[in-house]
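File shown: data_9.pdb. Contents: PDB, C-alpha atoms.
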ATOM      1  CA  MET H  10     -21.224  19.307   9.015  1.00  0.00           C
ATOM      2  CA  ALA H  11     -21.668  16.185  11.144  1.00  0.00           C
ATOM      3  CA  ASP H  12     -18.671  15.018  13.133  1.00  0.00           C
ATOM      4  CA  VAL H  13     -17.559  11.715  11.631  1.00  0.00           C
ATOM      5  CA  THR H  14     -15.462   9.587  13.971  1.00  0.00           C
ATOM      6  CA  LEU H  15     -13.109   7.314  12.112  1.00  0.00           C
ATOM      7  CA  PRO H  16     -12.891   3.713  13.354  1.00  0.00           C
ATOM      8  CA  ALA H  17      -9.874   2.721  15.415  1.00  0.00           C
ATOM      9  CA  ALA H  18      -7.127   0.851  13.629  1.00  0.00           C
ATOM     10  CA  MET H  19      -7.670  -2.885  13.287  1.00  0.00           C
ATOM     11  CA  VAL H  20      -5.132  -5.459  14.446  1.00  0.00           C
ATOM     12  CA  PHE H  21      -5.532  -8.988  13.113  1.00  0.00           C
ATOM     13  CA  VAL H  22      -3.995 -11.820  15.111  1.00  0.00           C
ATOM     14  CA  VAL H  23      -3.318 -15.214  13.515  1.00  0.00           C
ATOM     15  CA  ASP H  24      -2.080 -17.913  15.898  1.00  0.00           C
ATOM     16  CA  ASP H  25      -3.133 -21.551  16.272  1.00  0.00           C
ATOM     17  CA  ASP H  26      -2.833 -21.325  20.080  1.00  0.00           C
ATOM     18  CA  ALA H  27      -6.159 -20.206  21.593  1.00  0.00           C
ATOM     19  CA  SER H  28      -4.523 -19.000  24.812  1.00  0.00           C
ATOM     20  CA  VAL H  29      -2.095 -16.817  22.856  1.00  0.00           C
ATOM     21  CA  ARG H  30      -4.947 -15.348  20.810  1.00  0.00           C
ATOM     22  CA  LYS H  31      -6.881 -14.531  23.981  1.00  0.00           C
ATOM     23  CA  SER H  32      -3.867 -12.949  25.693  1.00  0.00           C
ATOM     24  CA  LEU H  33      -2.853 -10.867  22.680  1.00  0.00           C
ATOM     25  CA  SER H  34      -6.423  -9.759  22.069  1.00  0.00           C
ATOM     26  CA  ARG H  35      -6.657  -8.419  25.611  1.00  0.00           C
ATOM     27  CA  VAL H  36      -3.343  -6.527  25.443  1.00  0.00           C
ATOM     28  CA  ILE H  37      -4.081  -5.038  22.037  1.00  0.00           C
ATOM     29  CA  SER H  38      -7.689  -4.039  22.742  1.00  0.00           C
ATOM     30  CA  GLU H  39      -6.667  -2.385  26.023  1.00  0.00           C
ATOM     31  CA  ALA H  40      -4.281  -0.240  23.970  1.00  0.00           C
ATOM     32  CA  GLY H  41      -7.268   1.117  22.033  1.00  0.00           C
ATOM     33  CA  TYR H  42      -7.188  -1.003  18.885  1.00  0.00           C
ATOM     34  CA  ARG H  43      -9.943  -3.141  17.446  1.00  0.00           C
ATOM     35  CA  VAL H  44      -8.915  -6.801  17.285  1.00  0.00           C
ATOM     36  CA  GLN H  45      -9.934  -9.816  15.239  1.00  0.00           C
ATOM     37  CA  THR H  46      -8.310 -13.190  15.913  1.00  0.00           C
ATOM     38  CA  TYR H  47      -7.978 -16.226  13.679  1.00  0.00           C
ATOM     39  CA  ALA H  48      -6.773 -19.765  14.339  1.00  0.00           C
ATOM     40  CA  SER H  49      -5.271 -20.265  10.884  1.00  0.00           C
ATOM     41  CA  PRO H  50      -4.079 -18.370   7.805  1.00  0.00           C
ATOM     42  CA  ARG H  51      -6.981 -19.828   5.816  1.00  0.00           C
ATOM     43  CA  ASP H  52      -9.495 -18.355   8.252  1.00  0.00           C
ATOM     44  CA  PHE H  53      -7.749 -14.996   7.992  1.00  0.00           C
ATOM     45  CA  LEU H  54      -7.771 -15.032   4.188  1.00  0.00           C
ATOM     46  CA  ALA H  55     -11.517 -15.723   4.209  1.00  0.00           C
ATOM     47  CA  ARG H  56     -12.253 -12.427   5.994  1.00  0.00           C
ATOM     48  CA  GLY H  57     -13.749  -9.393   4.298  1.00  0.00           C
ATOM     49  CA  PRO H  58     -11.771  -6.267   3.388  1.00  0.00           C
ATOM     50  CA  GLU H  59     -10.824  -3.764   6.095  1.00  0.00           C
ATOM     51  CA  ALA H  60     -11.255  -0.062   5.326  1.00  0.00           C
ATOM     52  CA  ALA H  61      -9.353   1.337   8.313  1.00  0.00           C
ATOM     53  CA  PRO H  62      -5.567   1.220   8.752  1.00  0.00           C
ATOM     54  CA  SER H  63      -4.570  -2.203  10.038  1.00  0.00           C
ATOM     55  CA  CYS H  64      -1.761  -4.666  10.614  1.00  0.00           C
ATOM     56  CA  LEU H  65      -1.298  -8.386  11.126  1.00  0.00           C
ATOM     57  CA  VAL H  66       0.296 -10.064  14.151  1.00  0.00           C
ATOM     58  CA  LEU H  67       1.259 -13.441  12.755  1.00  0.00           C
ATOM     59  CA  ASP H  68       2.665 -16.617  14.270  1.00  0.00           C
ATOM     60  CA  VAL H  69       5.459 -18.153  12.209  1.00  0.00           C
ATOM     61  CA  ARG H  70       4.938 -21.866  12.833  1.00  0.00           C
ATOM     62  CA  MET H  71       1.422 -23.208  12.354  1.00  0.00           C
ATOM     63  CA  PRO H  72      -0.006 -26.464  10.981  1.00  0.00           C
ATOM     64  CA  GLY H  73      -0.689 -26.343   7.256  1.00  0.00           C
ATOM     65  CA  VAL H  74       0.055 -22.898   5.849  1.00  0.00           C
ATOM     66  CA  THR H  75       2.896 -21.245   7.777  1.00  0.00           C
ATOM     67  CA  GLY H  76       3.207 -17.595   8.668  1.00  0.00           C
ATOM     68  CA  LEU H  77       5.968 -17.074   6.115  1.00  0.00           C
ATOM     69  CA  GLU H  78       3.821 -18.663   3.413  1.00  0.00           C
ATOM     70  CA  LEU H  79       0.930 -16.381   4.333  1.00  0.00           C
ATOM     71  CA  GLN H  80       3.266 -13.393   4.102  1.00  0.00           C
ATOM     72  CA  GLN H  81       4.186 -14.448   0.566  1.00  0.00           C
ATOM     73  CA  THR H  82       0.517 -14.748  -0.356  1.00  0.00           C
ATOM     74  CA  LEU H  83      -0.279 -11.307   1.033  1.00  0.00           C
ATOM     75  CA  ALA H  84       2.595  -9.754  -0.921  1.00  0.00           C
ATOM     76  CA  SER H  85       0.627 -10.246  -4.148  1.00  0.00           C
ATOM     77  CA  ALA H  86      -2.512  -8.527  -2.835  1.00  0.00           C
ATOM     78  CA  ALA H  87      -3.645  -5.148  -4.154  1.00  0.00           C
ATOM     79  CA  HIS H  88      -3.004  -3.730  -0.682  1.00  0.00           C
ATOM     80  CA  GLU H  89      -0.236  -5.399   1.315  1.00  0.00           C
ATOM     81  CA  ILE H  90      -0.980  -5.342   5.032  1.00  0.00           C
ATOM     82  CA  PRO H  91       2.034  -4.766   7.338  1.00  0.00           C
ATOM     83  CA  VAL H  92       3.076  -7.918   9.200  1.00  0.00           C
ATOM     84  CA  ILE H  93       4.537  -8.388  12.680  1.00  0.00           C
ATOM     85  CA  PHE H  94       5.833 -11.908  13.253  1.00  0.00           C
ATOM     86  CA  ILE H  95       5.744 -13.639  16.622  1.00  0.00           C
ATOM     87  CA  THR H  96       7.312 -17.007  17.337  1.00  0.00           C
ATOM     88  CA  GLY H  97       8.525 -19.260  20.098  1.00  0.00           C
ATOM     89  CA  HIS H  98      10.881 -21.100  17.742  1.00  0.00           C
ATOM     90  CA  GLY H  99      12.572 -18.365  15.761  1.00  0.00           C
ATOM     91  CA  ASP H 100      16.016 -18.497  14.260  1.00  0.00           C
ATOM     92  CA  ILE H 101      18.179 -15.935  12.522  1.00  0.00           C
ATOM     93  CA  PRO H 102      17.674 -17.184   8.923  1.00  0.00           C
ATOM     94  CA  MET H 103      13.909 -17.221   9.472  1.00  0.00           C
ATOM     95  CA  SER H 104      13.851 -13.694  10.878  1.00  0.00           C
ATOM     96  CA  VAL H 105      16.100 -12.415   8.086  1.00  0.00           C
ATOM     97  CA  LYS H 106      13.793 -13.944   5.464  1.00  0.00           C
ATOM     98  CA  ALA H 107      10.733 -12.378   7.096  1.00  0.00           C
ATOM     99  CA  MET H 108      12.306  -8.933   7.389  1.00  0.00           C
ATOM    100  CA  LYS H 109      13.640  -8.994   3.824  1.00  0.00           C
ATOM    101  CA  ALA H 110      10.097  -9.756   2.688  1.00  0.00           C
ATOM    102  CA  GLY H 111       8.920  -6.579   4.402  1.00  0.00           C
ATOM    103  CA  ALA H 112       7.917  -7.594   7.934  1.00  0.00           C
ATOM    104  CA  VAL H 113       7.743  -4.680  10.370  1.00  0.00           C
ATOM    105  CA  ASP H 114       9.184  -6.702  13.264  1.00  0.00           C
ATOM    106  CA  PHE H 115      10.042 -10.233  14.369  1.00  0.00           C
ATOM    107  CA  LEU H 116       9.343 -10.880  18.064  1.00  0.00           C
ATOM    108  CA  THR H 117      10.421 -14.011  19.903  1.00  0.00           C
ATOM    109  CA  LYS H 118       8.126 -15.325  22.653  1.00  0.00           C
ATOM    110  CA  PRO H 119       8.007 -14.401  25.456  1.00  0.00           C
ATOM    111  CA  PHE H 120       8.088 -10.722  24.505  1.00  0.00           C
ATOM    112  CA  ALA H 121       7.098  -7.614  26.457  1.00  0.00           C
ATOM    113  CA  ALA H 122       3.700  -6.088  25.746  1.00  0.00           C
ATOM    114  CA  LYS H 123       5.471  -2.758  25.158  1.00  0.00           C
ATOM    115  CA  ASP H 124       7.577  -4.264  22.359  1.00  0.00           C
ATOM    116  CA  LEU H 125       4.463  -5.641  20.672  1.00  0.00           C
ATOM    117  CA  LEU H 126       2.543  -2.372  20.984  1.00  0.00           C
ATOM    118  CA  ASP H 127       5.537  -0.392  19.688  1.00  0.00           C
ATOM    119  CA  ALA H 128       5.657  -2.677  16.647  1.00  0.00           C
ATOM    120  CA  ILE H 129       1.893  -2.320  16.143  1.00  0.00           C
ATOM    121  CA  ARG H 130       2.168   1.485  16.249  1.00  0.00           C
ATOM    122  CA  ARG H 131       4.855   1.401  13.562  1.00  0.00           C
ATOM    123  CA  ALA H 132       2.858  -1.040  11.453  1.00  0.00           C
ATOM    124  CA  VAL H 133      -0.361   0.975  11.667  1.00  0.00           C
ATOM    125  CA  ALA H 134       1.536   4.169  10.811  1.00  0.00           C
ATOM    126  CA  LYS H 135       3.022   2.418   7.773  1.00  0.00           C
ATOM    127  CA  ASP H 136      -0.389   1.188   6.663  1.00  0.00           C
ATOM    128  CA  THR H 137      -1.826   4.684   7.044  1.00  0.00           C
ATOM    129  CA  ARG H 138       0.928   6.078   4.804  1.00  0.00           C
ATOM    130  CA  ASP H 139       0.545   3.261   2.283  1.00  0.00           C
ATOM    131  CA  ARG H 140      -3.210   3.740   2.052  1.00  0.00           C
ATOM    132  CA  GLY H 141      -2.742   7.466   1.483  1.00  0.00           C
ATOM    133  CA  THR H 142      -0.245   6.806  -1.307  1.00  0.00           C
ATOM    134  CA  GLU H 143      -2.500   4.212  -2.923  1.00  0.00           C
ATOM    135  CA  ALA H 144      -5.508   6.542  -2.789  1.00  0.00           C
ATOM    136  CA  ARG H 145      -3.435   9.296  -4.431  1.00  0.00           C
ATOM    137  CA  GLU H 146      -2.242   6.914  -7.156  1.00  0.00           C
ATOM    138  CA  ASP H 147      -5.809   5.729  -7.798  1.00  0.00           C
ATOM    139  CA  GLU H 148      -6.952   9.338  -8.136  1.00  0.00           C
ATOM    140  CA  ILE H 149      -4.189  10.105 -10.645  1.00  0.00           C
ATOM    141  CA  ARG H 150      -4.940   6.994 -12.699  1.00  0.00           C
ATOM    142  CA  ALA H 151      -8.592   8.068 -12.793  1.00  0.00           C
ATOM    143  CA  ARG H 152      -7.485  11.397 -14.274  1.00  0.00           C
ATOM    144  CA  VAL H 153      -5.383   9.615 -16.887  1.00  0.00           C
ATOM    145  CA  LYS H 154      -8.422   7.591 -17.945  1.00  0.00           C
ATOM    146  CA  GLN H 155     -10.209  10.843 -18.779  1.00  0.00           C
ATOM    147  CA  LEU H 156      -7.665  11.610 -21.501  1.00  0.00           C
ATOM    148  CA  THR H 157      -8.498  10.869 -25.125  1.00  0.00           C
ATOM    149  CA  PRO H 158      -6.073   8.640 -27.066  1.00  0.00           C
ATOM    150  CA  ARG H 159      -4.499  11.720 -28.694  1.00  0.00           C
ATOM    151  CA  GLU H 160      -4.252  13.540 -25.357  1.00  0.00           C
ATOM    152  CA  SER H 161      -2.559  10.481 -23.894  1.00  0.00           C
ATOM    153  CA  GLN H 162       0.023  10.610 -26.697  1.00  0.00           C
ATOM    154  CA  VAL H 163       0.656  14.301 -26.086  1.00  0.00           C
ATOM    155  CA  PHE H 164       0.873  13.679 -22.324  1.00  0.00           C
ATOM    156  CA  ALA H 165       3.497  10.982 -22.808  1.00  0.00           C
ATOM    157  CA  LEU H 166       5.603  13.271 -25.016  1.00  0.00           C
ATOM    158  CA  VAL H 167       5.232  16.467 -22.977  1.00  0.00           C
ATOM    159  CA  VAL H 168       6.679  14.784 -19.882  1.00  0.00           C
ATOM    160  CA  THR H 169       9.807  13.807 -21.820  1.00  0.00           C
ATOM    161  CA  GLY H 170      10.580  17.497 -22.251  1.00  0.00           C
ATOM    162  CA  MET H 171       9.695  17.727 -25.935  1.00  0.00           C
ATOM    163  CA  LEU H 172       8.612  21.115 -27.283  1.00  0.00           C
ATOM    164  CA  ASN H 173       5.264  21.606 -29.006  1.00  0.00           C
ATOM    165  CA  LYS H 174       6.848  21.715 -32.457  1.00  0.00           C
ATOM    166  CA  GLN H 175       8.747  18.490 -31.731  1.00  0.00           C
ATOM    167  CA  ILE H 176       5.566  16.793 -30.576  1.00  0.00           C
ATOM    168  CA  ALA H 177       3.771  18.042 -33.680  1.00  0.00           C
ATOM    169  CA  SER H 178       6.482  16.531 -35.863  1.00  0.00           C
ATOM    170  CA  GLU H 179       6.436  13.265 -33.908  1.00  0.00           C
ATOM    171  CA  LEU H 180       2.646  12.883 -34.193  1.00  0.00           C
ATOM    172  CA  GLY H 181       2.257  14.390 -37.652  1.00  0.00           C
ATOM    173  CA  ILE H 182      -0.169  17.094 -36.528  1.00  0.00           C
ATOM    174  CA  ALA H 183      -0.160  20.898 -36.472  1.00  0.00           C
ATOM    175  CA  GLU H 184       1.636  22.696 -33.651  1.00  0.00           C
ATOM    176  CA  LYS H 185      -1.524  24.650 -32.770  1.00  0.00           C
ATOM    177  CA  THR H 186      -3.337  21.317 -32.392  1.00  0.00           C
ATOM    178  CA  VAL H 187      -0.651  20.168 -29.985  1.00  0.00           C
ATOM    179  CA  LYS H 188      -1.175  23.341 -27.948  1.00  0.00           C
ATOM    180  CA  VAL H 189      -4.898  22.584 -27.681  1.00  0.00           C
ATOM    181  CA  HIS H 190      -4.304  18.988 -26.591  1.00  0.00           C
ATOM    182  CA  ARG H 191      -1.581  20.081 -24.188  1.00  0.00           C
ATOM    183  CA  ALA H 192      -3.899  22.597 -22.495  1.00  0.00           C
ATOM    184  CA  ARG H 193      -6.570  19.912 -22.131  1.00  0.00           C
ATOM    185  CA  VAL H 194      -4.035  17.488 -20.646  1.00  0.00           C
ATOM    186  CA  MET H 195      -2.916  20.073 -18.093  1.00  0.00           C
ATOM    187  CA  ALA H 196      -6.538  20.784 -17.149  1.00  0.00           C
ATOM    188  CA  LYS H 197      -7.654  17.147 -16.881  1.00  0.00           C
ATOM    189  CA  MET H 198      -4.534  16.145 -14.952  1.00  0.00           C
ATOM    190  CA  GLN H 199      -4.883  19.230 -12.708  1.00  0.00           C
ATOM    191  CA  ALA H 200      -1.242  20.132 -13.294  1.00  0.00           C
ATOM    192  CA  GLY H 201      -0.022  23.707 -13.042  1.00  0.00           C
ATOM    193  CA  SER H 202       3.330  23.062 -14.692  1.00  0.00           C
ATOM    194  CA  VAL H 203       5.266  20.519 -16.730  1.00  0.00           C
ATOM    195  CA  ALA H 204       7.192  19.603 -13.565  1.00  0.00           C
ATOM    196  CA  ALA H 205       3.895  18.790 -11.829  1.00  0.00           C
ATOM    197  CA  LEU H 206       2.806  16.807 -14.884  1.00  0.00           C
ATOM    198  CA  VAL H 207       6.031  14.773 -14.705  1.00  0.00           C
ATOM    199  CA  ARG H 208       5.367  13.962 -11.047  1.00  0.00           C
ATOM    200  CA  LEU H 209       1.845  12.857 -11.932  1.00  0.00           C
ATOM    201  CA  ALA H 210       3.165  10.690 -14.751  1.00  0.00           C
ATOM    202  CA  ASP H 211       5.612   9.057 -12.348  1.00  0.00           C
ATOM    203  CA  ALA H 212       2.838   8.400  -9.802  1.00  0.00           C
ATOM    204  CA  ALA H 213       0.648   6.919 -12.540  1.00  0.00           C
ATOM    205  CA  GLY H 214       3.432   4.529 -13.529  1.00  0.00           C
ATOM    206  CA  ILE H 215       4.128   6.149 -16.892  1.00  0.00           C
ATOM    207  CA  ILE H 216       7.763   5.624 -17.840  1.00  0.00           C
ATOM    208  CA  VAL H 217       9.356   8.975 -18.642  1.00  0.00           C
ATOM    209  CA  THR H 218      12.409   9.003 -20.883  1.00  0.00           C
ATOM    210  CA  LYS H 219      14.206  12.168 -21.886  1.00  0.00           C
ATOM    211  CA  ALA H 220      13.787  13.262 -25.470  1.00  0.00           C
TER     212      ALA H 220
END

Encoding of this model in structure tokens:
Amino acid sequence: MADVTLPAAMVFVVDDDASVRKSLSRVISEAGYRVQTYASPRDFLARGPEAAPSCLVLDVRMPGVTGLELQQTLASAAHEIPVIFITGHGDIPMSVKAMKAGAVDFLTKPFAAKDLLDAIRRAVAKDTRDRGTEAREDEIRARVKQLTPRESQVFALVVTGMLNKQIASELGIAEKTVKVHRARVMAKMQAGSVAALVRLADAAGIIVTKA
């Protein structure tokens, strides 16, 4: 099998100050990351998707769309990129708002390169975990889509803890038919036990209520 080298993590930098972008790009790239810089949030939003783990180093105060406003916009994306805020005009309420909204760190200029790189390492690690979780959830949802309507009904009832005869009564079908559907659900969902099926249901966003 060919050795496939994964691309280095990507760090996006959004700051309206060209000198800051240049300085940060040098520090970050020397640490082994790929870097893309943008002068405004709008330029950043116009970029293409990034497949590798990444994070965003974002200035708070910029003309037009602010860093905090960009953070709010990104929160509604299918994949929310971790954000590290940098600012020369920070205040406590601003930093609290940013952190409550999920920012990894809030650095006040001038800050040490080590502090920035430490924050980037945490952010990239978070994005790596998040991407793994999202991929797992996508895989589980794909399995759910393979279920027939009747299998989906049986799935939803099995994970509540209902017995086959109770499910049969609930759906108005024979108990042996429930057993057949249940076996197919376990196979399609790749679950070895009801406990595993419950975990899959939770990951797929299916609300489980006890019978």

Interatomic distance between CA of Glu148 (chain H) and CA of Ala18 (chain H)? 23.4 Å

Can you write out as JSON lines which residues of region 83-163 of chain H fall within 9 Å of region 209-213 of chain H, alongside each residue's closest atom pair and its distance in Å to one decimal, counting all atoms listed in the file and ordering rows by chain and ascending residue number?
{"residue": "H:Arg145", "atom": "CA", "partner": "H:Ala212", "partner_atom": "CA", "distance": 8.3}
{"residue": "H:Glu146", "atom": "CA", "partner": "H:Ala212", "partner_atom": "CA", "distance": 5.9}
{"residue": "H:Asp147", "atom": "CA", "partner": "H:Ala213", "partner_atom": "CA", "distance": 8.1}
{"residue": "H:Ile149", "atom": "CA", "partner": "H:Ala213", "partner_atom": "CA", "distance": 6.1}
{"residue": "H:Arg150", "atom": "CA", "partner": "H:Ala213", "partner_atom": "CA", "distance": 5.6}
{"residue": "H:Val153", "atom": "CA", "partner": "H:Ala213", "partner_atom": "CA", "distance": 7.9}

Determine, for each residue of region 85-151 of chain H having at least one atom at most 10 Å from an atom of region 35-54 of chain H, the closest pair of atoms and their separation in Å to one decimal, counting only C-alpha atoms; order by chain and ascending number, as CSV.
residue,atom,partner,partner_atom,distance
H:Ala122,CA,H:Val36,CA,7.1
H:Lys123,CA,H:Val36,CA,9.6
H:Leu125,CA,H:Ile37,CA,8.7
H:Leu126,CA,H:Ile37,CA,7.2
H:Ile129,CA,H:Ile37,CA,8.8

Those same residues - C-alpha atoms - I'd like them written as a PDB file, in the frame of the given file.
ATOM      1  CA  ALA H 122       3.700  -6.088  25.746  1.00  0.00           C
ATOM      2  CA  LYS H 123       5.471  -2.758  25.158  1.00  0.00           C
ATOM      3  CA  LEU H 125       4.463  -5.641  20.672  1.00  0.00           C
ATOM      4  CA  LEU H 126       2.543  -2.372  20.984  1.00  0.00           C
ATOM      5  CA  ILE H 129       1.893  -2.320  16.143  1.00  0.00           C
TER       6      ILE H 129
END

Mind listing whatever residues come within 10 Å of the point (7.4, 15.6, -21.8)? Use all atoms listed in the file, file coordinates, and give them as a list in words. Val163, Phe164, Ala165, Leu166, Val167, Val168, Thr169, Gly170, Met171, Leu172, Asn173, Ile176, Val203, Ala204, Leu206, Val207, Ala210, Val217, Thr218, Lys219 and Ala220 of chain H

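Distances here use only C-alpha atoms; by that measure, the residue among H:Ala110, H:Ala60, H:Val23, H:Leu116 closest to Gly76 (chain H) is H:Val23.
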
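Among the candidates H:His190, H:Ser178, H:Val69, H:Ile90, the residue lying nearest to Ser104 (chain H) is H:Val69 (atoms considered: all atoms listed in the file).
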
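When the PyMOL selection byres ((chain H and resi 117) around 10) is evaluated on the file shown here, the picked residues come out as Asp68, Phe94, Ile95, Thr96, Gly97, His98, Gly99, Asp100, Ser104, Asp114, Phe115, Leu116, Lys118, Pro119, Phe120 and Ala121 of chain H.
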
Since we have the selection now, will you write its residues out, keeping C-alpha atoms, as a tab-separated table (two decimals), in the frame of the given file?
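This is the output file result.tsv:
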chain	number	residue	atom	x	y	z
H	68	ASP	CA	2.66	-16.62	14.27
H	94	PHE	CA	5.83	-11.91	13.25
H	95	ILE	CA	5.74	-13.64	16.62
H	96	THR	CA	7.31	-17.01	17.34
H	97	GLY	CA	8.52	-19.26	20.10
H	98	HIS	CA	10.88	-21.10	17.74
H	99	GLY	CA	12.57	-18.36	15.76
H	100	ASP	CA	16.02	-18.50	14.26
H	104	SER	CA	13.85	-13.69	10.88
H	114	ASP	CA	9.18	-6.70	13.26
H	115	PHE	CA	10.04	-10.23	14.37
H	116	LEU	CA	9.34	-10.88	18.06
H	118	LYS	CA	8.13	-15.32	22.65
H	119	PRO	CA	8.01	-14.40	25.46
H	120	PHE	CA	8.09	-10.72	24.50
H	121	ALA	CA	7.10	-7.61	26.46

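The coordinates place CA of Arg208 (chain H) at 16.1 Å from CA of Arg191 (chain H).
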
Hey, can I get the axis-aligned box for region 16-33 of chain H? All listed atoms, 8 Å padding on each side, centre and edge lengths in Å to one decimal, as lines of an AutoDock Vina configuration file.
center_x = -7.5
center_y = -8.9
center_z = 19.4
size_x = 26.8
size_y = 41.3
size_z = 28.6

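Shortest atom-to-atom contact with Ala177 (chain H) among H:Val113, H:Ile93, H:Val189, H:Leu65: H:Val189, counting all atoms listed in the file.
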
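With only C-alpha atoms as the basis for measurement, H:His88 is the residue among H:Leu79, H:Met71, H:His88, H:Met19 that approaches Gly141 (chain H) most closely.
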